[in-house]
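Student: Let me begin by handing over the structure; questions about it come next.
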Amino acid sequence: MSLNTSIDGALRIAVVGAGPAGIYASDILSQSDETATIDVFDRLPTPYGLIRYGVAPDHPRIKQIIVALHRVMENPRITFTGNVNVGVDVSLDELRDHYDAVILSTGAERDRPLEIPGVELERSYGGADFVAFYDSHPDRPKSWDLTTARSVAVLGVGNVALDVSRILARTGDELLYTDIPDHVHAVLRDSAVTDVHMFARRGPAQAQFTPVELRELDHSPNVQVVVDPEGMEFDEGSERAMAASKATRMVVSVLSDWAIREADPDPAVRRIHIHFLQNPVEILGDSSTGVTGLRTERQRLTGDATIEGTGEFVDWDVQAVYRCIGYRSEPMRGLPFDSGRHVLPNAAGRVVDETGAPLTGVYATGWVKRGPVGLIGHTKSDAAETVANLLADAGSLPRAVNREPGSFRAVLLAKGLPITDFEGWDRLEDHERSLGAAHAAERERVKLHDRDEMTRVAAHRA
Ligand code: NAP
């Protein structure tokens, strides 16, 4: 497809968020229109968002998606600029002065709130925070207390809950082949955790796990997974779900195999216990003790895969709680926000105001558009829809006031922002690989986690 661009040159697009969503949108745009230039911004010094800071370190196969994204970013019509926090360092209006359209692909990296008593207690953690810790996000916690709790609860039965449970259960040394930095390795190595209890409020046929990721939970010789047989219940809705989906049948089959196992008492083995039909209702403890337990209410399935409480409560002896009940996006200054769904309100990728009218030249893609569901690949079709609508609107979009190439970069430099570029990312990668090679365990790579250091290395001022 070729665009009927105005005489003052190529369509200028800004993409805010350099994760898979933004890069897929950039790729589709660059292939659709020979005259578009695409500038991708990220508030981190590095590209790849969720893949670098959300995918678990022991998932190298998923991290390989970076190879394909890297090829996209090598396209000379796509540039990357890091360390630019749009809405904070620079306003959306300032950006709009330089670009004909903006695509927001800022993702969802915070925890959805869980409103139960005790959620504020010490050692009641958002799963997203723990993920950010073990993935060494430069702006998130650099230390973590894994020495106080022996038994921990993980709330939710999605793939994030699997990641969190697996990382809590594996030994630090098992993860030495990954890119975790030394401070993360030390925390995991010294962990006191022996038992991880995952809690699902619904039944096994409603678990959100994908089969490959579920099976992997059991792959470590140091970890045993057992399923509490009490919650292995199915109603008509569950039967229908299994009949309709091979993935659901596979998940249920794996869980059923694990439900007939006895827990291994060997102190060298860490156990992951999965409990279905137990709805967390209160985190127990107080401000002096922190978390001392979790109260759940036993649920029953009502026939259509929904649940109701039985009035029977169980107190679990756990000393920490990890809430893995889904992510949420955050609002951006200058834009409307749907605070119920935690997304940018939009119609098929066109961001809309409170009356439902599209905002001129503002688009969304990825999790900030549709919410935090689906695997990374699903983001492609999402990006295709957003880009198709942007291109359909392109003829009528008012052109940006300031169209000089490099004009926005000059604004960023004038503000004194320590911006990074894609060549800088390549330098950072080389540096991380050299740290890996020099490591006593001869690792493929060791991640940097200090923003200033990352920026210095990217700028070649190390
Ligand atoms: P998710 O798949 O939506 O799972 C959220 C879980 O939290 C569900 O079990 C849900 O139960 C439960 N939950 C929600 N609200 C709750 C509440 N108030 N009380 C108790 N439980 C509650 O979300 P996610 O695990 O954050 O994953 C997000 C997306 O990323 C998913 O598409 C996932 O597949 C993907 N991902 C993939 C990988 C991978 O390795 N391939 C890794 C991580 C994430 P209900 O179903 O009952 O609501």
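Please note that chains go A, B, ... in the order of the structure tokens, that every chain numbers its residues from 1, and that ligands are numbered from 1 in the order shown.
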As number ranges by chain, please: every residue in segment 168-344 of chain A that DSSP puts in strand (DSSP E or B).
Tutor: A: 195-199, 223-227, 270-275, 278-286, 290-301, 307-316, 320-323, 327-328, 338, 343
Student: Quick one: which chain A residues come within 8 Å of ligand 1, and what is the nearest atom pair for each with the distance in Å to one decimal, counting only C-alpha atoms and all ligand atoms, rows ordered by chain and ascending number, as CSV?
Tutor:
```
residue,atom,partner,partner_atom_place_in_ligand_line,distance
A:Gly54,CA,ligand 1,43 (C),7.3
A:Val55,CA,ligand 1,42 (C),6.1
A:Ala56,CA,ligand 1,42 (C),7.3
A:His59,CA,ligand 1,40 (O),7.1
A:Ile62,CA,ligand 1,40 (O),7.4
A:Leu114,CA,ligand 1,18 (N),5.6
A:Glu115,CA,ligand 1,18 (N),7.5
A:Leu155,CA,ligand 1,21 (N),5.8
A:Gly156,CA,ligand 1,7 (O),3.6
A:Val157,CA,ligand 1,9 (O),3.7
A:Gly158,CA,ligand 1,25 (O),3.5
A:Asn159,CA,ligand 1,25 (O),4.2
A:Val160,CA,ligand 1,25 (O),3.7
A:Ala161,CA,ligand 1,25 (O),5.5
A:Leu162,CA,ligand 1,42 (C),7.5
A:Asp163,CA,ligand 1,42 (C),6.3
A:Phe199,CA,ligand 1,21 (N),7.5
A:Ala200,CA,ligand 1,9 (O),5.9
A:Arg201,CA,ligand 1,20 (C),5.4
A:Arg202,CA,ligand 1,47 (O),5.2
A:Gln206,CA,ligand 1,46 (O),6.0
A:Ala207,CA,ligand 1,9 (O),5.6
A:Gln208,CA,ligand 1,2 (O),4.8
A:Phe209,CA,ligand 1,34 (O),6.6
A:Thr210,CA,ligand 1,34 (O),6.6
A:Glu213,CA,ligand 1,40 (O),5.9
A:Asn279,CA,ligand 1,20 (C),5.9
A:Pro280,CA,ligand 1,20 (C),6.1
A:Cys324,CA,ligand 1,7 (O),5.8
A:Ile325,CA,ligand 1,7 (O),3.3
A:Gly326,CA,ligand 1,26 (O),3.6
A:Tyr327,CA,ligand 1,26 (O),5.4
A:Pro372,CA,ligand 1,28 (C),5.3
A:Val373,CA,ligand 1,32 (O),3.8
A:Gly374,CA,ligand 1,32 (O),3.4
A:Leu375,CA,ligand 1,32 (O),5.1
A:Ile376,CA,ligand 1,35 (C),7.5
```
Student: Would you save the residues from that selection as a JSON list (two decimals), in the first residue's frame, using C-alpha atoms?
Tutor:
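Output (again-v7.json):
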```json
[["chain", "number", "residue", "atom", "x", "y", "z"],
["A", 54, "GLY", "CA", 8.54, -9.39, 31.86],
["A", 55, "VAL", "CA", 9.57, -12.74, 30.38],
["A", 56, "ALA", "CA", 11.16, -14.95, 33.04],
["A", 59, "HIS", "CA", 12.45, -18.70, 29.24],
["A", 62, "ILE", "CA", 10.54, -16.66, 24.33],
["A", 114, "LEU", "CA", -6.75, -6.89, 45.02],
["A", 115, "GLU", "CA", -9.09, -5.39, 47.55],
["A", 155, "LEU", "CA", -2.71, -15.94, 44.18],
["A", 156, "GLY", "CA", -4.01, -16.59, 40.67],
["A", 157, "VAL", "CA", -3.47, -19.41, 38.20],
["A", 158, "GLY", "CA", -2.28, -17.67, 35.05],
["A", 159, "ASN", "CA", 1.12, -17.82, 33.38],
["A", 160, "VAL", "CA", 2.51, -15.02, 35.57],
["A", 161, "ALA", "CA", 1.60, -17.06, 38.66],
["A", 162, "LEU", "CA", 3.48, -19.98, 37.05],
["A", 163, "ASP", "CA", 6.55, -17.82, 36.42],
["A", 199, "PHE", "CA", -4.58, -20.56, 44.83],
["A", 200, "ALA", "CA", -7.30, -20.53, 42.16],
["A", 201, "ARG", "CA", -10.72, -19.18, 42.98],
["A", 202, "ARG", "CA", -12.31, -21.28, 40.20],
["A", 206, "GLN", "CA", -10.91, -22.46, 34.31],
["A", 207, "ALA", "CA", -7.16, -22.19, 34.94],
["A", 208, "GLN", "CA", -5.52, -19.65, 32.61],
["A", 209, "PHE", "CA", -2.31, -21.67, 32.22],
["A", 210, "THR", "CA", -1.01, -22.64, 28.81],
["A", 213, "GLU", "CA", 4.24, -23.50, 30.58],
["A", 279, "ASN", "CA", -10.92, -17.78, 46.95],
["A", 280, "PRO", "CA", -8.51, -15.55, 48.91],
["A", 324, "CYS", "CA", -0.53, -12.62, 40.45],
["A", 325, "ILE", "CA", -4.06, -11.69, 39.45],
["A", 326, "GLY", "CA", -3.28, -9.72, 36.31],
["A", 327, "TYR", "CA", -1.51, -6.58, 35.19],
["A", 372, "PRO", "CA", -3.11, -7.63, 29.58],
["A", 373, "VAL", "CA", -4.27, -10.79, 27.83],
["A", 374, "GLY", "CA", -2.76, -13.01, 25.20],
["A", 375, "LEU", "CA", 0.71, -14.17, 24.28],
["A", 376, "ILE", "CA", 3.33, -11.93, 22.66]]
```
Student: Might you pull out every residue within 7 Å of segment 36-45 of chain A, with only C-alpha atoms counted and same-chain residues fewer than 5 positions away left off, and present them as a PyMOL selection string?
Tutor: chain A and resi 10-18+26+30+77-85+420+454-455
Student: Selected residues, C-alpha atoms, written as a PDB file, in the first residue's frame, please.
Tutor:
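Once written, part-v7.pdb looks like this:
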```
ATOM      1  CA  ALA A  10       6.737  11.473   4.496  1.00  0.00           C
ATOM      2  CA  LEU A  11       4.166  10.718   7.124  1.00  0.00           C
ATOM      3  CA  ARG A  12       5.913  11.129  10.481  1.00  0.00           C
ATOM      4  CA  ILE A  13       4.871   8.655  13.142  1.00  0.00           C
ATOM      5  CA  ALA A  14       5.932   8.489  16.797  1.00  0.00           C
ATOM      6  CA  VAL A  15       5.566   5.158  18.578  1.00  0.00           C
ATOM      7  CA  VAL A  16       5.666   5.438  22.379  1.00  0.00           C
ATOM      8  CA  GLY A  17       6.826   2.171  23.944  1.00  0.00           C
ATOM      9  CA  ALA A  18       9.492  -0.034  22.368  1.00  0.00           C
ATOM     10  CA  SER A  26       6.440  -0.070  13.423  1.00  0.00           C
ATOM     11  CA  SER A  30       7.157   0.429   7.500  1.00  0.00           C
ATOM     12  CA  ARG A  77      13.294   4.278   8.454  1.00  0.00           C
ATOM     13  CA  ILE A  78      12.789   3.229  12.067  1.00  0.00           C
ATOM     14  CA  THR A  79      14.780   4.931  14.819  1.00  0.00           C
ATOM     15  CA  PHE A  80      14.921   4.143  18.535  1.00  0.00           C
ATOM     16  CA  THR A  81      15.358   6.729  21.271  1.00  0.00           C
ATOM     17  CA  GLY A  82      15.537   5.600  24.892  1.00  0.00           C
ATOM     18  CA  ASN A  83      15.332   7.433  28.240  1.00  0.00           C
ATOM     19  CA  VAL A  84      12.332   9.503  27.084  1.00  0.00           C
ATOM     20  CA  ASN A  85       9.328   9.325  29.389  1.00  0.00           C
ATOM     21  CA  THR A 420      20.090   6.514  24.013  1.00  0.00           C
ATOM     22  CA  MET A 454      23.217   1.262  31.195  1.00  0.00           C
ATOM     23  CA  THR A 455      23.034   4.774  29.762  1.00  0.00           C
TER      24      THR A 455
END
```
Student: Which residue out of A:Ser238, A:Gly285, A:Arg328, A:Ala244 has the minimum interatomic distance to Leu301 of chain A when only C-alpha atoms are used?
Tutor: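 Distance minimum relative to Leu301 of chain A lands on A:Ser238.
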Student: Can you measure atom CA of Val318 of chain A to atom CA of Ser191 of chain A for me? One decimal in Å is fine.
Tutor: 14.8 Å
Student: Would you mind reading off the distance between atom CA of Ala263 of chain A and atom CA of Ile167 of chain A, one decimal, in Å?
Tutor: 19.3 Å
Student: Give me the residues within 9 Å of segment 400-417 of chain A as JSON, numbers by chain, counting only C-alpha atoms and dropping any in the same chain fewer than 3 places off.
Tutor: {"A": [8, 9, 12, 81, 83, 84, 89, 90, 94, 95, 96, 97, 98, 99, 100, 101, 397]}
Student: Which residue, A:Glu236, A:Glu74, A:Leu214, A:Thr46, has the smallest gap to Ile419 of chain A when you use only C-alpha atoms?
Tutor: A:Thr46
Student: Among the residues of segment 113-324 of chain A, find those DSSP assigns to helix (DSSP H, G or I) from the backbone and print them as a PyMOL selection string.
Tutor: chain A and resi 127-134+159-169+173-175+182-189+204-206+211-216+229-231+236-244+246-259
Student: One number please: atom CA of Arg323 of chain A to atom CA of Arg370 of chain A, in Å, one decimal.
Tutor: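 Calculated distance between atom CA of Arg323 of chain A and atom CA of Arg370 of chain A is 21.5 Å.
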Student: Give one line per residue of segment 152-210 of chain A that approaches segment 136-146 of chain A to at most 7 Å, naming the two atoms of the closest pair and their distance in Å to one decimal, counting only C-alpha atoms; sort by chain then ascending residue number and deliver it as JSON lines.
Tutor:
```
{"residue": "A:Val187", "atom": "CA", "partner": "A:Leu146", "partner_atom": "CA", "distance": 6.7}
{"residue": "A:Ser191", "atom": "CA", "partner": "A:Leu146", "partner_atom": "CA", "distance": 4.8}
{"residue": "A:Ala192", "atom": "CA", "partner": "A:Leu146", "partner_atom": "CA", "distance": 6.1}
{"residue": "A:Val193", "atom": "CA", "partner": "A:Leu146", "partner_atom": "CA", "distance": 6.9}
```
Student: Skip segment 218-231 of chain A itself and residues of its chain fewer than 4 positions away, then list as a ChimeraX atom specification all residues within 7 Å of it, counting only C-alpha atoms.
Tutor: /A:169-170,203,255,258-259,261,263,268-277
Student: Smallest atom-to-atom distance to Phe234 of chain A: which of A:Leu435, A:Val352, A:Met250, A:Ile307, using only C-alpha atoms?
Tutor: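 Of all the options, A:Ile307 lies closest to Phe234 of chain A.
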Student: Considering only C-alpha atoms, can you say which of A:Pro267, A:Gly436, A:Gly172, A:Pro418 comes closest to Glu453 of chain A?
Tutor: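 Among the listed residues, the smallest separation from Glu453 of chain A belongs to A:Pro418.
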